[in-house]
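Written out below as structure tokens is the structure these notes cover.
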Amino acid sequence: MWRGAAAGLHGVGRPWRDGDVGVIVAGMSVDDLRTAAALASHLPMLVVPTADPPATLAVLEGVLGSLPQAELAADCEIWAELPGLTAETWLAVREALPSGSRLVPGDAPGRRAAVDLGMLVDEVVSHDPVDLVHRVDVEEGLSAWPQLIPGLPDPPVLALEAELAEALGRGFASDRGSGTVQPVLCPHTGRFGVVLAWTEPPDLPVLAEALAPVVRARAAHPDLRLDPAMELDRRMGLSLLMWVVAPAVPVLPADLPCGPGVWPSVEALPALVDALGDSVRTLEIQVVPESAHDEAALAAAAYFEEHLPEASPGVPRWVGEVFSPTWTVELAEGAPSLHVLAALGEHAAIASIRVLPADPAGLDLPFEVLDPGGLATDQGWALRMRNGLSGRDLLPRVEPRAFDARDDAVEAALYAGLGDAPGASWLPAERLVRPVQDPAGTAGFELCLDAREALDPRALSQSLAALLAVPLDDVGPVVWFGRRGSEIVVQRWRASPSASEPPQSFDT
């Protein structure tokens with residue numbers, strides 16, 4: 001499917017109406033507002049204080065069902081991600097939860113790992129109920145600021161803008177002038193917000209105190225309410241990101257579903273792993289439970305101990321909406337005997353098994369701070385990997401190169417293989433293929449997907465599977481995809497790096 005390049009651009013001019021959130025309560029308090037912000041994020045984290053973790057966990061599971069994702073934090077709190085939790089379910093169970101239970105917006109596992117490893121720190125200035133949070137990349141010494149797409153203000157935003165100018169003065173600005181805000185959308189979380197920017201930064205405690213009455217006054221606002229937790233960027237002057245309590249819109253899927261069985265198949269895996277060369281250091285084996293996480297995890301652990309002892313327990317992940325245990329295998333230790341996965345994939349407790357390349361060579365980051373996902377087929381992998389430090393997609397670094405005769409042949413094969421394939425639309429500009437090379441000179445090409453249609457997991461899976469299935473000579477088994485600016489970029493490379501070639505470098 002093809003579409004003109006202009007179709008890949010879309011704005012943020014959506015009216016932000018609280019009626020969409022499903023968490024409206026007349027006379028909403030600030031505590032209700034915090035809960036609403038967590039629910040609207042679509043990744044709420046339940047935080048429960050505890051003096052007796054096993055007893056508290058038993059109470060929680062009696063109310064919410066099995067919680068294999070529960071973690072004990074600092075021996076005094078239980079944390080449990082509850083993706084997809086609705087306001088109706090929360091209202092139905094909150095009174096049965098232990099005293100002090102609360103919801104907060106959750107973070108991706110890679111970011112939590114970056115915090116645990118001391119690579120990210122939060123500097124917080126508070127004035128009840130406002131928290132001004134400055135997230136700092138410790139190694140770089142710079143603000144860790146989310147990627148944001150600008151939009152146009154609607155009447156509720158203009159009304160907020162006037163209230164902020166009255167409360168703070170007109171020292172803040174946007175491209176529209178003094179005393180104006182910039183509406184934004186985070187393309188990775190789907191959250192809306194507005195940004196205020198100062199060239200001469202105000203005193204933060206004074207700013208927090210001035211914002212507090214605005215947040216309180218808008219706690220039950222009919223059009224637009226504000227999350228009391230706000231983010232700071234101090235790289236150039238000061239920017240303040242105020243999140244709007246509104247439903248997160250669909251975004252590029254963090255991961256793609258996989259069907260039953262082993263993906264890629266055990267018949268295809270040896271050749272695919274061999275074709276990886278030295279481009280990755282690790283394979284991650286994701287075991288998706290049929291229903292009970294613990295039953296699948298125990299079955300896999302016993303099986304790996306006997307049949308694949310080189311596999312080490314990894315970080316459990318959400319594969320789609322299923323919390324799944326993982327194991328890792330180091331490729332430096334030689335080609336693993338992955339044919340043994342066939343029997344494990346038939347276990348009644350296991351719905352499917354997916355093997356993904358992980359820990360790319362050339363990336364100087366702990367694997368724990370990466371969030372890998374994507375698609376596995378017998379033709380190769382489409383990988384999306386997010387950096388927990390920056391919250392952005394990792395893509396091999398590219399520079400343009402001139403078209404050559406081989407690009408013409410590749411483009412002809414892609415038109416033949418993709419033209420009638422289902423899925424999201426590919427966007428040709430002057431040409432369908434954008435020739436690129438990495439800094440080491442390895443040649444490849446980029447394609448772009450329609451940035452609206454790629455938000456549908458089924459359409460995205462179909463498009464990526466179709467690209468992997470196009471017969472091309474001398475290409476690696478990995479397709480990289482992710483968001484770069486306003487584009488959904490898909491990359492394929494002509495050859496995998498070998499031991500004699502420098503590994504790919506990445507835009508982080």
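Note on naming: chains are A, B, ... as they come in the structure tokens, residues start from 1 per chain, ligands start from 1 in the order shown.
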Report task. For Leu389 (chain A), work out the shell of residues within 12 Å, counting only C-alpha atoms and skipping chain neighbours fewer than 3 positions away, then give it as a PyMOL selection string. Result -> chain A and resi 107-121+135-140+142-146+365-371+386+392-394+508
Distance table requested - region 387-435 of chain A against region 454-475 of chain A, cut-off 6 Å, only C-alpha atoms: one row per qualifying residue with the closest atom pair and its distance in Å to one decimal, ordered by chain and rising residue number, as a Markdown table.
| residue | atom | partner | partner_atom | distance |
| --- | --- | --- | --- | --- |
| A:Gly417 | CA | A:Val470 | CA | 5.5 |
| A:Gly423 | CA | A:Ala459 | CA | 3.9 |
| A:Ala424 | CA | A:Ala459 | CA | 5.0 |
Just to be explicit: take each residue in the selection above, keep C-alpha atoms, and write the result as a compact mmCIF listing (two decimals), in the first residue's frame.
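Wrote it out as result-v3.txt, contents follow:
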# COMPACT_ATOMS: atom_id res chain seq x y z
CA GLY A 417 6.65 -7.34 -2.81
CA GLY A 423 -0.73 -3.31 6.50
CA ALA A 424 0.18 0.31 7.07
Requested in this report: as JSON, numbers by chain, please: all residues of region 235-265 of chain A that backbone DSSP puts in strand (DSSP E or B).
Outcome: {"A": [238, 239, 240, 241, 242, 243, 244, 261, 262, 263]}
Requested in this report: Among the residues of region 262-392 of chain A, find those DSSP assigns to alpha helix (DSSP H) from the backbone and print them as a PyMOL selection string.
Outcome: chain A and resi 269-276+293-307+341-345
Include N, CA and C atoms and write out the residues we just selected as a short mmCIF file (atom, residue, chain, number, x, y, z; two decimals), in the first residue's frame.
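What follows is the written file part37.cif:
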data_model
loop_
_atom_site.label_atom_id
_atom_site.label_comp_id
_atom_site.auth_asym_id
_atom_site.auth_seq_id
_atom_site.Cartn_x
_atom_site.Cartn_y
_atom_site.Cartn_z
N LEU A 269 15.80 -20.71 12.96
CA LEU A 269 16.66 -19.99 13.91
C LEU A 269 18.15 -20.15 13.65
N PRO A 270 18.67 -21.35 13.41
CA PRO A 270 20.14 -21.47 13.27
C PRO A 270 20.72 -20.56 12.19
N ALA A 271 20.09 -20.52 11.02
CA ALA A 271 20.62 -19.69 9.95
C ALA A 271 20.48 -18.21 10.28
N LEU A 272 19.38 -17.82 10.92
CA LEU A 272 19.19 -16.42 11.28
C LEU A 272 20.21 -15.98 12.31
N VAL A 273 20.45 -16.83 13.32
CA VAL A 273 21.43 -16.48 14.35
C VAL A 273 22.82 -16.39 13.74
N ASP A 274 23.14 -17.31 12.83
CA ASP A 274 24.45 -17.27 12.16
C ASP A 274 24.60 -15.98 11.36
N ALA A 275 23.50 -15.54 10.73
CA ALA A 275 23.56 -14.33 9.91
C ALA A 275 23.72 -13.07 10.75
N LEU A 276 23.43 -13.14 12.04
CA LEU A 276 23.62 -11.97 12.91
C LEU A 276 25.09 -11.60 13.02
N HIS A 293 1.42 -17.12 35.11
CA HIS A 293 2.82 -16.74 34.93
C HIS A 293 3.74 -17.71 35.68
N ASP A 294 3.46 -17.98 36.95
CA ASP A 294 4.36 -18.79 37.76
C ASP A 294 4.50 -20.20 37.19
N GLU A 295 3.40 -20.76 36.69
CA GLU A 295 3.45 -22.12 36.15
C GLU A 295 4.35 -22.16 34.91
N ALA A 296 4.21 -21.15 34.04
CA ALA A 296 5.05 -21.11 32.84
C ALA A 296 6.51 -20.88 33.21
N ALA A 297 6.76 -19.99 34.17
CA ALA A 297 8.13 -19.68 34.57
C ALA A 297 8.83 -20.90 35.17
N LEU A 298 8.14 -21.64 36.02
CA LEU A 298 8.73 -22.82 36.65
C LEU A 298 8.98 -23.92 35.62
N ALA A 299 8.03 -24.09 34.70
CA ALA A 299 8.22 -25.12 33.67
C ALA A 299 9.42 -24.78 32.79
N ALA A 300 9.54 -23.51 32.40
CA ALA A 300 10.66 -23.11 31.55
C ALA A 300 11.98 -23.21 32.30
N ALA A 301 11.99 -22.80 33.57
CA ALA A 301 13.23 -22.85 34.35
C ALA A 301 13.74 -24.29 34.47
N ALA A 302 12.85 -25.23 34.76
CA ALA A 302 13.26 -26.63 34.88
C ALA A 302 13.75 -27.16 33.55
N TYR A 303 13.07 -26.78 32.47
CA TYR A 303 13.46 -27.27 31.15
C TYR A 303 14.82 -26.72 30.73
N PHE A 304 15.03 -25.41 30.95
CA PHE A 304 16.32 -24.81 30.57
C PHE A 304 17.46 -25.40 31.40
N GLU A 305 17.22 -25.65 32.65
CA GLU A 305 18.28 -26.22 33.49
C GLU A 305 18.77 -27.55 32.92
N GLU A 306 17.86 -28.32 32.34
CA GLU A 306 18.24 -29.63 31.82
C GLU A 306 18.73 -29.55 30.38
N HIS A 307 18.07 -28.73 29.54
CA HIS A 307 18.32 -28.78 28.11
C HIS A 307 19.07 -27.58 27.54
N LEU A 341 13.98 -25.62 21.94
CA LEU A 341 12.81 -24.81 22.25
C LEU A 341 11.53 -25.42 21.71
N ALA A 342 11.63 -26.29 20.71
CA ALA A 342 10.43 -26.85 20.09
C ALA A 342 9.59 -27.60 21.12
N ALA A 343 10.20 -28.43 21.92
CA ALA A 343 9.45 -29.20 22.91
C ALA A 343 8.88 -28.30 23.99
N LEU A 344 9.66 -27.29 24.42
CA LEU A 344 9.16 -26.37 25.45
C LEU A 344 7.95 -25.59 24.94
N GLY A 345 7.96 -25.24 23.65
CA GLY A 345 6.84 -24.49 23.10
C GLY A 345 5.55 -25.26 23.10
#
Query - Contact residues around Ile78 (chain A) with only C-alpha atoms at 9 Å, ignoring same-chain residues under 6 positions, as a PyMOL selection string - result: chain A and resi 46-50+53+56-57+70-72
